[in-house]
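Novice: So that you have it, the file is entry-v2.txt, and it contains compact mmCIF, C-alpha atoms:
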# COMPACT_ATOMS: atom_id res chain seq x y z
CA MET G 1 -12.80 -35.01 23.65
CA SER G 2 -14.46 -38.38 23.25
CA ASP G 3 -12.42 -41.11 21.57
CA VAL G 4 -12.58 -39.96 17.96
CA SER G 5 -10.06 -42.58 16.94
CA LYS G 6 -12.32 -45.42 18.09
CA LYS G 7 -15.29 -43.92 16.27
CA VAL G 8 -13.33 -43.56 13.05
CA LEU G 9 -11.93 -47.07 13.25
CA LYS G 10 -15.45 -48.40 13.79
CA GLU G 11 -16.69 -46.43 10.79
CA ILE G 12 -13.82 -47.72 8.63
CA GLN G 13 -14.69 -51.31 9.56
CA GLU G 14 -18.47 -50.92 9.27
CA ARG G 15 -18.32 -49.15 5.90
CA LYS G 16 -15.51 -51.50 4.78
CA LEU G 17 -13.44 -48.51 3.71
CA ARG G 18 -10.12 -49.23 2.04
CA PRO G 19 -7.20 -47.02 1.14
CA TYR G 20 -7.15 -46.02 -2.51
CA PRO G 21 -4.90 -48.31 -4.50
CA ARG G 22 -1.42 -47.20 -5.52
CA TRP G 23 -2.34 -46.92 -9.18
CA HIS G 24 -4.92 -44.24 -8.24
CA PHE G 25 -2.10 -41.92 -7.17
CA ILE G 26 0.20 -42.90 -10.01
CA PHE G 27 -2.65 -42.14 -12.42
CA ARG G 28 -3.35 -38.80 -10.76
CA HIS G 29 0.31 -37.74 -10.85
CA SER G 30 0.53 -38.85 -14.48
CA VAL G 31 -2.51 -36.76 -15.40
CA ILE G 32 -1.09 -33.71 -13.63
CA TRP G 33 2.29 -34.00 -15.33
CA SER G 34 0.68 -34.76 -18.69
CA VAL G 35 -1.47 -31.64 -18.53
CA CYS G 36 1.62 -29.68 -17.54
CA CYS G 37 3.64 -31.01 -20.49
CA ILE G 38 0.78 -30.64 -22.96
CA SER G 39 0.31 -27.04 -21.83
CA ILE G 40 4.00 -26.35 -22.45
CA LEU G 41 3.75 -28.05 -25.86
CA LEU G 42 0.70 -26.01 -26.86
CA GLY G 43 2.46 -22.93 -25.52
CA SER G 44 5.40 -23.81 -27.78
CA LEU G 45 3.07 -24.09 -30.77
CA SER G 46 1.60 -20.70 -29.91
CA ALA G 47 5.09 -19.25 -29.55
CA GLY G 48 6.03 -20.77 -32.91
CA ILE G 49 3.04 -19.10 -34.54
CA VAL G 50 3.94 -15.80 -32.86
CA ILE G 51 7.46 -16.08 -34.30
CA PHE G 52 6.06 -16.95 -37.74
CA ARG G 53 3.61 -14.04 -37.72
CA ILE G 54 6.16 -11.51 -36.49
CA LYS G 55 8.76 -12.68 -39.01
CA HIS G 56 6.28 -12.32 -41.88
CA ALA G 57 4.58 -9.20 -40.63
CA GLU G 58 4.44 -6.25 -42.98
CA TRP G 59 6.51 -3.87 -40.90
CA ASP G 60 7.04 -1.65 -43.94
CA LEU G 61 3.39 -0.63 -43.75
CA TYR G 62 4.17 1.78 -40.94
CA GLN G 63 5.65 4.33 -43.35
CA PHE G 64 2.35 4.45 -45.23
CA LEU G 65 -0.06 4.61 -42.36
CA ASN G 66 1.28 7.53 -40.28
CA ASP G 67 -0.93 6.37 -37.43
CA ASN G 68 0.37 6.18 -33.92
CA LEU G 69 2.77 3.37 -33.15
CA ALA G 70 0.43 1.71 -30.67
CA ALA G 71 -2.34 1.39 -33.27
CA PHE G 72 0.15 -0.03 -35.79
CA LEU G 73 1.48 -2.55 -33.31
CA LEU G 74 -2.06 -3.61 -32.44
CA LEU G 75 -2.52 -4.30 -36.12
CA ILE G 76 0.72 -6.21 -36.60
CA ILE G 77 1.37 -7.99 -33.30
CA PRO G 78 -0.32 -11.42 -33.18
CA TYR G 79 -1.96 -10.78 -29.78
CA PHE G 80 -4.39 -13.65 -30.39
CA TRP G 81 -1.47 -16.11 -30.18
CA PHE G 82 0.20 -14.17 -27.36
CA LEU G 83 -2.99 -14.68 -25.35
CA PHE G 84 -2.85 -18.42 -26.12
CA LEU G 85 0.80 -18.48 -25.00
CA ALA G 86 -0.08 -16.70 -21.75
CA GLY G 87 -3.10 -18.94 -21.19
CA PHE G 88 -1.15 -22.17 -21.66
CA SER G 89 1.64 -20.88 -19.42
CA LEU G 90 -0.88 -20.19 -16.67
CA LEU G 91 -2.40 -23.64 -17.15
CA ALA G 92 1.06 -25.19 -16.88
CA TYR G 93 1.66 -23.23 -13.65
CA ASN G 94 -1.74 -24.27 -12.24
CA TYR G 95 -0.94 -27.94 -12.73
CA PHE G 96 2.74 -27.70 -11.84
CA ARG G 97 1.88 -26.40 -8.41
CA ARG G 98 -0.24 -29.53 -7.86
CA THR G 99 2.81 -31.76 -8.26
CA GLU G 100 4.53 -33.06 -5.16
CA ARG G 101 6.94 -30.17 -4.81
CA GLY G 102 5.67 -27.68 -7.35
CA TYR G 103 4.05 -25.42 -4.76
CA ARG G 104 7.49 -24.61 -3.32
CA PHE G 105 8.33 -22.44 -6.34
CA ARG G 106 7.09 -18.87 -6.62
CA ALA G 107 4.35 -18.30 -9.20
CA PHE G 108 6.34 -15.66 -11.08
CA TRP G 109 9.29 -18.00 -11.74
CA VAL G 110 7.10 -20.93 -12.74
CA VAL G 111 5.15 -18.84 -15.26
CA PHE G 112 8.35 -17.17 -16.47
CA GLY G 113 10.05 -20.53 -16.85
CA SER G 114 7.05 -21.92 -18.69
CA ILE G 115 7.08 -19.00 -21.15
CA VAL G 116 10.84 -19.36 -21.71
CA ILE G 117 10.53 -23.11 -22.37
CA SER G 118 7.60 -22.42 -24.71
CA LEU G 119 9.64 -19.82 -26.59
CA ILE G 120 12.54 -22.23 -27.00
CA GLY G 121 10.09 -24.90 -28.13
CA GLY G 122 8.52 -22.38 -30.48
CA ILE G 123 11.87 -21.59 -32.09
CA LEU G 124 12.52 -25.31 -32.62
CA LEU G 125 9.02 -25.95 -34.00
CA TYR G 126 9.21 -22.93 -36.32
CA GLY G 127 11.89 -24.69 -38.33
CA THR G 128 9.53 -27.63 -38.98
CA GLY G 129 6.81 -25.48 -40.58
CA LEU G 130 4.19 -26.85 -38.17
CA PRO G 131 3.21 -23.48 -36.62
CA GLU G 132 2.57 -22.09 -40.10
CA HIS G 133 0.40 -25.07 -40.94
CA ILE G 134 -1.55 -24.79 -37.67
CA GLU G 135 -2.16 -21.09 -38.27
CA SER G 136 -3.38 -21.83 -41.77
CA VAL G 137 -5.79 -24.47 -40.42
CA PHE G 138 -7.04 -21.99 -37.87
CA TYR G 139 -7.64 -19.46 -40.63
CA ASP G 140 -9.58 -21.98 -42.69
CA LYS G 141 -11.59 -23.62 -39.91
CA VAL G 142 -12.08 -21.02 -37.18
CA SER G 143 -14.43 -18.32 -38.51
CA PHE G 144 -13.75 -15.95 -35.60
CA TYR G 145 -10.00 -16.03 -36.34
CA ARG G 146 -10.58 -15.56 -40.08
CA VAL G 147 -12.81 -12.55 -39.45
CA LEU G 148 -10.13 -11.11 -37.15
CA GLN G 149 -7.42 -11.49 -39.82
CA GLU G 150 -9.67 -10.17 -42.60
CA HIS G 151 -10.44 -7.16 -40.44
CA LYS G 152 -6.73 -6.46 -40.20
CA GLN G 153 -6.46 -6.65 -43.97
CA LYS G 154 -8.84 -3.69 -44.25
CA VAL G 155 -5.89 -1.40 -43.58
CA TRP G 156 -5.01 -2.12 -47.19
CA VAL G 157 -8.07 -0.22 -48.38
CA SER G 158 -6.31 3.12 -47.94
CA PRO G 159 -5.78 4.37 -51.51
CA ASP G 160 -4.93 7.89 -50.36
CA LYS G 161 -2.10 6.41 -48.33
CA GLY G 162 -0.93 4.34 -51.26
CA LEU G 163 -2.42 1.02 -50.20
CA LEU G 164 -5.01 -1.06 -52.01
CA ALA G 165 -6.09 -4.71 -51.88
CA GLY G 166 -8.65 -6.88 -53.61
CA ARG G 167 -9.10 -9.38 -56.40
CA ILE G 168 -8.35 -8.99 -60.07
CA ILE G 169 -11.63 -9.13 -61.99
CA LYS G 170 -10.24 -8.48 -65.46
CA VAL G 171 -6.85 -8.36 -67.21
CA ILE G 172 -7.23 -5.60 -69.78
CA SER G 173 -3.65 -5.75 -71.02
CA ALA G 174 -0.16 -6.44 -69.79
CA ARG G 175 -0.16 -2.88 -68.34
CA THR G 176 -3.67 -2.62 -66.92
CA VAL G 177 -5.96 -4.73 -64.77
CA LEU G 178 -9.31 -4.10 -63.12
CA LEU G 179 -9.41 -4.71 -59.37
CA GLU G 180 -12.37 -5.01 -56.99
CA ASP G 181 -11.11 -3.83 -53.59
CA LEU G 182 -12.12 -5.25 -50.21
CA SER G 183 -14.89 -2.66 -49.93
CA GLY G 184 -16.38 -3.62 -53.30
CA ASN G 185 -15.12 -0.62 -55.30
CA VAL G 186 -13.64 -1.24 -58.77
CA TRP G 187 -10.27 0.29 -59.65
CA THR G 188 -8.19 0.55 -62.80
CA ILE G 189 -4.66 -0.42 -61.86
CA ASP G 190 -1.62 0.54 -63.91
CA ILE G 191 0.75 -2.37 -63.38
CA SER G 192 3.45 -1.30 -65.83
CA GLY G 193 6.75 -1.04 -63.98
CA SER G 194 5.44 -2.70 -60.85
CA ILE G 195 7.32 -5.38 -58.94
CA TRP G 196 5.36 -8.57 -58.36
CA GLN G 197 6.33 -10.38 -55.16
CA GLY G 198 5.95 -14.12 -54.87
CA GLY G 199 6.56 -14.84 -58.52
CA LEU G 200 2.95 -14.04 -59.49
CA THR G 201 1.70 -13.06 -62.92
CA PRO G 202 -1.52 -11.10 -63.48
CA GLY G 203 -4.54 -13.38 -63.56
CA VAL G 204 -8.29 -13.15 -62.96
CA GLU G 205 -9.45 -13.98 -59.41
CA PHE G 206 -5.95 -13.45 -58.02
CA LYS G 207 -6.13 -11.74 -54.64
CA ILE G 208 -3.42 -9.09 -54.32
CA LYS G 209 -2.21 -6.22 -52.19
CA ILE G 210 -0.83 -3.14 -53.93
CA ILE G 211 1.57 -0.40 -52.81
CA GLY G 212 1.57 2.60 -55.08
CA LYS G 213 -0.10 5.96 -55.68
CA ARG G 214 -3.63 7.02 -56.28
CA ASP G 215 -3.93 8.71 -59.67
CA GLY G 216 -7.54 9.83 -60.00
CA GLU G 217 -10.95 8.89 -58.67
CA LYS G 218 -10.67 5.17 -59.37
CA HIS G 219 -7.22 4.94 -60.88
CA PHE G 220 -4.16 3.56 -59.11
CA VAL G 221 -0.53 3.22 -60.19
CA ALA G 222 1.07 0.11 -58.71
CA GLU G 223 4.71 0.09 -57.59
CA GLU G 224 4.71 -3.20 -55.73
CA ILE G 225 2.18 -6.04 -55.82
CA ARG G 226 2.03 -8.76 -53.17
CA PRO G 227 -0.11 -11.86 -53.05
CA MET G 228 -2.86 -11.74 -50.40
CA ASP G 229 -1.98 -15.33 -49.49
CA ARG G 230 1.00 -15.02 -47.21
CA GLN G 231 2.55 -18.32 -48.23
CA LYS G 232 2.91 -17.17 -51.78
CA GLN G 233 5.00 -14.26 -50.53
CA GLN G 234 7.94 -16.62 -50.19
CA GLY G 235 8.38 -16.77 -53.98
CA LYS G 236 10.78 -14.59 -55.98
CA SER G 237 9.76 -11.15 -57.10
CA ARG G 238 9.65 -10.13 -60.76
CA ARG G 239 9.17 -6.85 -62.57
CA VAL G 240 6.34 -6.68 -65.11
CA LYS G 241 7.67 -6.01 -68.60
CA ASN G 242 6.12 -3.12 -70.51
CA ASP G 243 4.47 -3.89 -73.83
CA MET L 1 3.93 -57.66 20.85
CA ILE L 2 4.46 -54.45 18.93
CA ASP L 3 5.43 -51.33 20.84
CA PHE L 4 3.34 -48.88 18.85
CA GLU L 5 4.36 -45.87 20.87
CA ASN L 6 7.98 -46.11 19.81
CA LEU L 7 7.30 -46.66 16.14
CA THR L 8 7.78 -43.81 13.68
CA ASP L 9 4.83 -42.36 11.81
CA GLU L 10 6.05 -44.03 8.62
CA GLN L 11 6.19 -47.43 10.32
CA LEU L 12 2.65 -46.93 11.62
CA VAL L 13 1.52 -46.08 8.09
CA ASP L 14 2.98 -49.37 6.82
CA LEU L 15 1.30 -51.31 9.62
CA SER L 16 -2.03 -49.54 8.98
CA LEU L 17 -1.90 -50.62 5.36
CA LYS L 18 -1.45 -54.22 6.47
CA ASP L 19 -4.21 -54.16 9.09
CA ASP L 20 -6.72 -51.32 9.55
CA LYS L 21 -6.77 -51.90 13.33
CA ASN L 22 -3.24 -50.49 13.49
CA PHE L 23 -4.53 -47.22 12.08
CA TYR L 24 -6.00 -46.60 15.53
CA TYR L 25 -2.52 -45.96 16.96
CA LEU L 26 -1.69 -43.45 14.26
CA MET L 27 -4.95 -41.60 14.90
CA LYS L 28 -4.36 -41.67 18.63
CA ARG L 29 -0.98 -40.04 18.12
CA TYR L 30 -2.52 -37.09 16.29
CA GLU L 31 -6.02 -36.89 17.76
CA GLU L 32 -5.22 -34.37 20.47
CA LYS L 33 -2.75 -32.30 18.42
CA LEU L 34 -5.07 -31.94 15.47
CA GLY L 35 -8.04 -31.31 17.73
CA TYR L 36 -6.21 -28.37 19.31
CA TYR L 37 -5.04 -27.14 15.91
CA ILE L 38 -8.57 -27.15 14.48
CA GLY L 39 -9.87 -25.46 17.63
CA ARG L 40 -7.21 -22.77 17.42
CA ILE L 41 -8.08 -21.71 13.89
CA THR L 42 -11.87 -22.00 14.12
CA ASN L 43 -14.50 -21.05 16.65
CA ILE L 44 -16.67 -24.10 16.69
CA SER L 45 -17.98 -26.36 19.39
CA PRO L 46 -16.06 -29.47 20.51
CA GLU L 47 -18.66 -31.50 18.61
CA GLY L 48 -17.86 -29.54 15.45
CA ILE L 49 -14.14 -30.11 15.97
CA GLU L 50 -14.80 -33.83 16.35
CA ASP L 51 -16.78 -33.89 13.12
CA ILE L 52 -13.93 -32.24 11.25
CA LEU L 53 -11.40 -34.53 12.89
CA GLN L 54 -13.36 -37.62 11.85
CA GLU L 55 -13.42 -36.39 8.25
CA VAL L 56 -9.68 -35.73 8.46
CA PHE L 57 -8.89 -39.24 9.66
CA ILE L 58 -11.17 -40.86 7.08
CA LYS L 59 -9.36 -38.89 4.36
CA VAL L 60 -5.99 -39.80 5.81
CA TYR L 61 -6.92 -43.47 5.82
CA LYS L 62 -8.19 -43.44 2.25
CA ASN L 63 -5.07 -41.66 1.03
CA LEU L 64 -2.50 -43.63 3.01
CA ARG L 65 -0.99 -45.15 -0.12
CA GLY L 66 -0.57 -41.63 -1.50
CA PHE L 67 1.70 -40.60 1.36
CA ASN L 68 5.24 -40.09 0.10
CA LYS L 69 7.79 -41.12 2.73
CA LYS L 70 10.22 -38.52 1.41
CA PHE L 71 8.12 -35.95 3.26
CA LYS L 72 7.14 -35.58 6.90
CA PHE L 73 3.96 -37.39 7.87
CA SER L 74 3.00 -34.66 10.35
CA SER L 75 3.09 -32.01 7.59
CA TRP L 76 0.96 -34.26 5.39
CA ILE L 77 -1.70 -34.89 8.01
CA TYR L 78 -1.75 -31.22 9.02
CA ARG L 79 -2.27 -30.31 5.35
CA ILE L 80 -5.30 -32.60 5.17
CA ALA L 81 -6.62 -31.03 8.38
CA HIS L 82 -6.03 -27.55 6.93
CA ASN L 83 -7.94 -28.48 3.76
CA GLU L 84 -10.84 -29.92 5.76
CA VAL L 85 -11.06 -26.72 7.80
CA ILE L 86 -11.17 -24.71 4.55
CA SER L 87 -14.01 -26.96 3.30
CA TYR L 88 -15.82 -26.52 6.60
CA TYR L 89 -15.27 -22.75 6.41
CA ARG L 90 -16.80 -22.63 2.93
CA LYS L 91 -19.93 -24.30 4.24
CA ASN L 92 -20.05 -22.40 7.52
CA ARG L 93 -18.63 -18.96 6.96
CA ARG L 94 -18.81 -17.78 10.53
CA ALA L 95 -16.53 -20.49 11.85
CA LEU L 96 -13.39 -18.42 11.30
CA ASP L 97 -14.78 -15.03 12.27
CA SER L 98 -13.57 -15.22 15.81
CA LEU L 99 -11.46 -17.48 17.88
CA SER L 100 -11.00 -19.04 21.26
CA LEU L 101 -7.53 -19.83 22.42
CA ASP L 102 -8.39 -21.47 25.73
CA MET L 103 -7.45 -24.86 24.51
CA ASP L 104 -4.28 -25.61 26.31
CA GLY L 105 -2.07 -24.14 29.04
CA THR L 106 0.93 -24.41 26.74
CA ASP L 107 -0.66 -21.72 24.57
CA ASN L 108 0.46 -19.19 27.19
CA ASN L 109 4.11 -20.17 26.83
CA ASN L 110 3.93 -20.12 23.10
CA LEU L 111 2.20 -16.77 23.01
CA VAL L 112 5.07 -15.52 25.16
CA ALA L 113 7.34 -16.46 22.26
CA LEU L 114 5.08 -14.56 19.87
CA LEU L 115 5.18 -11.48 22.11
CA GLY L 116 8.92 -11.72 22.36
CA ASP L 117 9.26 -11.85 18.57
CA THR L 118 6.69 -9.19 17.79
CA LEU L 119 7.40 -6.63 20.46
CA ASP L 120 11.01 -7.40 21.15
CA MET L 121 10.22 -7.95 24.82
CA GLU L 122 12.20 -9.91 27.33
CA GLU L 123 10.50 -12.88 28.95
CA GLU L 124 10.43 -11.31 32.41
CA GLN L 125 8.39 -8.38 31.04
CA ILE L 126 5.60 -10.70 29.94
CA SER L 127 2.80 -11.26 32.44
CA LYS L 128 -0.44 -13.26 32.34
CA GLU L 129 -2.39 -10.02 31.90
CA LYS L 130 -0.38 -9.25 28.79
CA VAL L 131 -0.82 -12.76 27.43
CA ASP L 132 -4.60 -12.43 27.84
CA ILE L 133 -4.52 -9.15 25.92
CA VAL L 134 -2.53 -10.89 23.19
CA LYS L 135 -5.11 -13.67 22.96
CA GLY L 136 -7.76 -11.03 22.33
CA ILE L 137 -5.68 -9.41 19.58
CA PHE L 138 -4.99 -12.84 18.10
CA ALA L 139 -8.69 -13.48 17.78
CA GLU L 140 -9.08 -10.30 15.69
CA LEU L 141 -6.52 -11.24 13.09
CA PRO L 142 -7.75 -12.23 9.61
CA PRO L 143 -7.90 -16.05 9.31
CA LYS L 144 -4.90 -16.38 6.96
CA TYR L 145 -2.64 -14.47 9.39
CA ARG L 146 -4.06 -16.19 12.43
CA GLU L 147 -3.47 -19.62 10.97
CA VAL L 148 0.14 -18.98 10.07
CA LEU L 149 0.85 -17.60 13.55
CA VAL L 150 -0.91 -20.63 15.08
CA LEU L 151 1.29 -22.94 13.03
CA ARG L 152 4.45 -21.02 13.87
CA TYR L 153 4.01 -20.19 17.52
CA LEU L 154 1.41 -22.57 18.90
CA GLU L 155 2.04 -25.67 16.79
CA GLU L 156 5.76 -24.78 16.67
CA LYS L 157 6.16 -25.75 13.03
CA SER L 158 9.23 -24.76 11.04
CA TYR L 159 8.98 -22.60 7.91
CA ASP L 160 9.51 -25.67 5.74
CA GLU L 161 6.74 -27.55 7.51
CA ILE L 162 4.38 -24.59 7.22
CA SER L 163 5.26 -24.42 3.51
CA ASP L 164 4.26 -28.08 3.13
CA ILE L 165 1.06 -27.64 5.16
CA LEU L 166 -0.18 -24.51 3.42
CA LYS L 167 1.30 -25.47 0.01
CA LYS L 168 3.05 -22.15 -0.36
CA PRO L 169 6.67 -21.38 -1.24
CA PRO L 170 8.88 -20.99 1.85
CA GLY L 171 9.55 -17.36 0.90
CA SER L 172 5.82 -16.67 0.83
CA VAL L 173 5.47 -18.24 4.28
CA ALA L 174 8.12 -15.90 5.66
CA THR L 175 6.34 -12.92 4.08
CA LEU L 176 3.00 -14.11 5.45
CA ILE L 177 4.41 -14.41 8.97
CA ASN L 178 5.93 -10.94 8.77
CA ARG L 179 2.64 -9.49 7.57
CA ALA L 180 0.80 -11.36 10.31
CA LYS L 181 3.10 -9.82 12.92
CA SER L 182 2.69 -6.41 11.33
CA ASN L 183 -1.09 -6.84 11.44
CA PHE L 184 -0.76 -7.90 15.04
CA ARG L 185 1.09 -4.67 15.88
CA LYS L 186 -1.50 -2.56 14.07
CA ILE L 187 -4.37 -4.11 16.02
CA MET L 188 -2.40 -3.60 19.19
CA GLN L 189 -1.99 0.10 18.39
CA ARG L 190 -5.65 0.43 17.40
CA CYS L 191 -6.73 -1.16 20.68
CA LYS L 192 -4.30 1.13 22.47
CA VAL L 193 -2.82 -1.68 24.47
CA GLU L 194 0.72 -1.11 23.34
CA GLY L 195 1.38 1.02 26.40
CA ILE L 196 0.08 -1.71 28.70
CA LEU L 197 2.15 -4.31 26.94
CA HIS L 198 5.31 -2.23 27.14
CA ASN L 199 4.73 -1.22 30.75
CA ASN L 200 7.36 -2.87 32.88
CA GLU L 201 6.15 -4.62 36.00
Could you render the structure as structure tokens?

Specialist:
Amino acid sequence: MSDVSKKVLKEIQERKLRPYPRWHFIFRHSVIWSVCCISILLGSLSAGIVIFRIKHAEWDLYQFLNDNLAAFLLLIIPYFWFLFLAGFSLLAYNYFRRTERGYRFRAFWVVFGSIVISLIGGILLYGTGLPEHIESVFYDKVSFYRVLQEHKQKVWVSPDKGLLAGRIIKVISARTVLLEDLSGNVWTIDISGSIWQGGLTPGVEFKIKIIGKRDGEKHFVAEEIRPMDRQKQQGKSRRVKND
Amino acid sequence: MIDFENLTDEQLVDLSLKDDKNFYYLMKRYEEKLGYYIGRITNISPEGIEDILQEVFIKVYKNLRGFNKKFKFSSWIYRIAHNEVISYYRKNRRALDSLSLDMDGTDNNNLVALLGDTLDMEEEQISKEKVDIVKGIFAELPPKYREVLVLRYLEEKSYDEISDILKKPPGSVATLINRAKSNFRKIMQRCKVEGILHNNE
């Protein structure tokens, strides 16, 4: 082998090559660790939203739907945010293994650790209300996400199963309102004796979800009324007084 | 007058950063070793090996300030060589399809160690004929198995060093070596040379 070392040295001197400066490597390590930490943080936000969605999911719907459990879970479980959590955990792993010693850890444990840290972060963030706010922003600004959530709401247009949802188009009396459901059909709703969740009172343009019984072609007797807006579900419930 | 031969790699790195002429001594220390290593895991001409080696040393020089003295310099430079071979492989796919192991007489002794580990043979049972058969089997191994056996038995690297060179967890290195040996045995059985290898002389 000819003297490679001499050739390389000559090339270094002729091309005036210089070693990269120290800050180049400090910057690179900083970027790698920053991406790692940001991924964990975003994973925590996703986990927080998962916790929020699961905690406020309408698990009681299962008794009305009689569908198989898998289909119900697909409806209820916030898989959109689970995918985000998984994605950020993988991103964290990808960058962690680029750190000086990160490659020495097995992929399974790094991803597992990342998910656990994100879950802990999610629990802490949940208490601040930030995940709820982020989810709300997503709903307002990301049309794909809104369409996905609205699609899930369609399960409420099941009058034969005792579920109905839509907006109030007219308050006829304290006992009766007219409702346009999510499919555009108009229903007469008997609200006497119903429980209103979230402290609502009947009003035009209110969007509501109703649990009750179908009583005719376009007549429905309400037993429980919930606001469509999830945040308003936090309010106290009240029973409508009969006139 | 500096006695470069007795300096550690880390001391040579420091001197190279002060004066690029000193980098020559660091290159000289690894020129032959890395040349053999590249030759053992590829099947390219000596000119091709030189080209790769030049790229390796240029990269090493440019990244000298990125070398962390907490780690072994030899593992670091071998990792750069490994990455350059991968880059070369991506451009020239056939480079790793077969292999020549006629680089160095010490390969025979090291392949003896491989035979001993894989076939549980005593040293006196291992002849030159058997070592030549082993070289042929070696050349048929998939590149990822071949490379890890090269690092373990021909470059005589420890599991930790191989972990640093290939950037894999130490446990994965152990698994890879076991699979490489298992592959080795399968090829041996397929080529029906197991009987020859086990035949006592």

Novice: Mind giving me the straight-line distance from atom CA of Trp156 of chain G to atom CA of Gly184 of chain G in Å, one decimal?

Specialist: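 Atom-to-atom, atom CA of Trp156 of chain G and atom CA of Gly184 of chain G are spaced 13.0 Å apart.
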
Novice: Show me, as a PyMOL selection string, every residue of chain L with an atom at most 10 Å from chain G, counting all atoms listed in the file.

Specialist: chain L and resi 16-17+20-32+35+46-47+49-51+53-68+71+160+163-164+166-172

Novice: Selected residues, C-alpha atoms, written as a PDB file, keeping the file's coordinate frame, please.

Specialist:
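Now in result13.pdb:
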ATOM      1  CA  SER L  16      -2.030 -49.540   8.980  1.00  0.00           C
ATOM      2  CA  LEU L  17      -1.900 -50.620   5.360  1.00  0.00           C
ATOM      3  CA  ASP L  20      -6.720 -51.320   9.550  1.00  0.00           C
ATOM      4  CA  LYS L  21      -6.770 -51.900  13.330  1.00  0.00           C
ATOM      5  CA  ASN L  22      -3.240 -50.490  13.490  1.00  0.00           C
ATOM      6  CA  PHE L  23      -4.530 -47.220  12.080  1.00  0.00           C
ATOM      7  CA  TYR L  24      -6.000 -46.600  15.530  1.00  0.00           C
ATOM      8  CA  TYR L  25      -2.520 -45.960  16.960  1.00  0.00           C
ATOM      9  CA  LEU L  26      -1.690 -43.450  14.260  1.00  0.00           C
ATOM     10  CA  MET L  27      -4.950 -41.600  14.900  1.00  0.00           C
ATOM     11  CA  LYS L  28      -4.360 -41.670  18.630  1.00  0.00           C
ATOM     12  CA  ARG L  29      -0.980 -40.040  18.120  1.00  0.00           C
ATOM     13  CA  TYR L  30      -2.520 -37.090  16.290  1.00  0.00           C
ATOM     14  CA  GLU L  31      -6.020 -36.890  17.760  1.00  0.00           C
ATOM     15  CA  GLU L  32      -5.220 -34.370  20.470  1.00  0.00           C
ATOM     16  CA  GLY L  35      -8.040 -31.310  17.730  1.00  0.00           C
ATOM     17  CA  PRO L  46     -16.060 -29.470  20.510  1.00  0.00           C
ATOM     18  CA  GLU L  47     -18.660 -31.500  18.610  1.00  0.00           C
ATOM     19  CA  ILE L  49     -14.140 -30.110  15.970  1.00  0.00           C
ATOM     20  CA  GLU L  50     -14.800 -33.830  16.350  1.00  0.00           C
ATOM     21  CA  ASP L  51     -16.780 -33.890  13.120  1.00  0.00           C
ATOM     22  CA  LEU L  53     -11.400 -34.530  12.890  1.00  0.00           C
ATOM     23  CA  GLN L  54     -13.360 -37.620  11.850  1.00  0.00           C
ATOM     24  CA  GLU L  55     -13.420 -36.390   8.250  1.00  0.00           C
ATOM     25  CA  VAL L  56      -9.680 -35.730   8.460  1.00  0.00           C
ATOM     26  CA  PHE L  57      -8.890 -39.240   9.660  1.00  0.00           C
ATOM     27  CA  ILE L  58     -11.170 -40.860   7.080  1.00  0.00           C
ATOM     28  CA  LYS L  59      -9.360 -38.890   4.360  1.00  0.00           C
ATOM     29  CA  VAL L  60      -5.990 -39.800   5.810  1.00  0.00           C
ATOM     30  CA  TYR L  61      -6.920 -43.470   5.820  1.00  0.00           C
ATOM     31  CA  LYS L  62      -8.190 -43.440   2.250  1.00  0.00           C
ATOM     32  CA  ASN L  63      -5.070 -41.660   1.030  1.00  0.00           C
ATOM     33  CA  LEU L  64      -2.500 -43.630   3.010  1.00  0.00           C
ATOM     34  CA  ARG L  65      -0.990 -45.150  -0.120  1.00  0.00           C
ATOM     35  CA  GLY L  66      -0.570 -41.630  -1.500  1.00  0.00           C
ATOM     36  CA  PHE L  67       1.700 -40.600   1.360  1.00  0.00           C
ATOM     37  CA  ASN L  68       5.240 -40.090   0.100  1.00  0.00           C
ATOM     38  CA  PHE L  71       8.120 -35.950   3.260  1.00  0.00           C
ATOM     39  CA  ASP L 160       9.510 -25.670   5.740  1.00  0.00           C
ATOM     40  CA  SER L 163       5.260 -24.420   3.510  1.00  0.00           C
ATOM     41  CA  ASP L 164       4.260 -28.080   3.130  1.00  0.00           C
ATOM     42  CA  LEU L 166      -0.180 -24.510   3.420  1.00  0.00           C
ATOM     43  CA  LYS L 167       1.300 -25.470   0.010  1.00  0.00           C
ATOM     44  CA  LYS L 168       3.050 -22.150  -0.360  1.00  0.00           C
ATOM     45  CA  PRO L 169       6.670 -21.380  -1.240  1.00  0.00           C
ATOM     46  CA  PRO L 170       8.880 -20.990   1.850  1.00  0.00           C
ATOM     47  CA  GLY L 171       9.550 -17.360   0.900  1.00  0.00           C
ATOM     48  CA  SER L 172       5.820 -16.670   0.830  1.00  0.00           C
TER      49      SER L 172
END

Novice: I'd like to know which of G:Ile115, G:Ile191, G:Val50, G:Ile77 is closest to Ile134 of chain G, using all atoms listed in the file.

Specialist: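 For Ile134 of chain G, the nearest of the given residues is G:Val50.
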
Novice: Would you work out the distance separating atom CA of Ser39 of chain G from atom CA of Arg53 of chain G, expressed in Å to one decimal?

Specialist: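 Going from atom CA of Ser39 of chain G over to atom CA of Arg53 of chain G, I get 20.8 Å.
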
Novice: Which neighbours of Val155 of chain G fall inside 10 Å, counting all atoms listed in the file, when residues of the same chain fewer than 6 positions from it are skipped, and could you give them as number ranges by chain?

Specialist: G: 61, 65, 72, 75, 161, 163-165, 182

Novice: Work out how far atom CA of Phe64 of chain G is from atom CA of Ile189 of chain G, in Å to one decimal.

Specialist: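 That distance, rounded to one decimal, is 18.7 Å.
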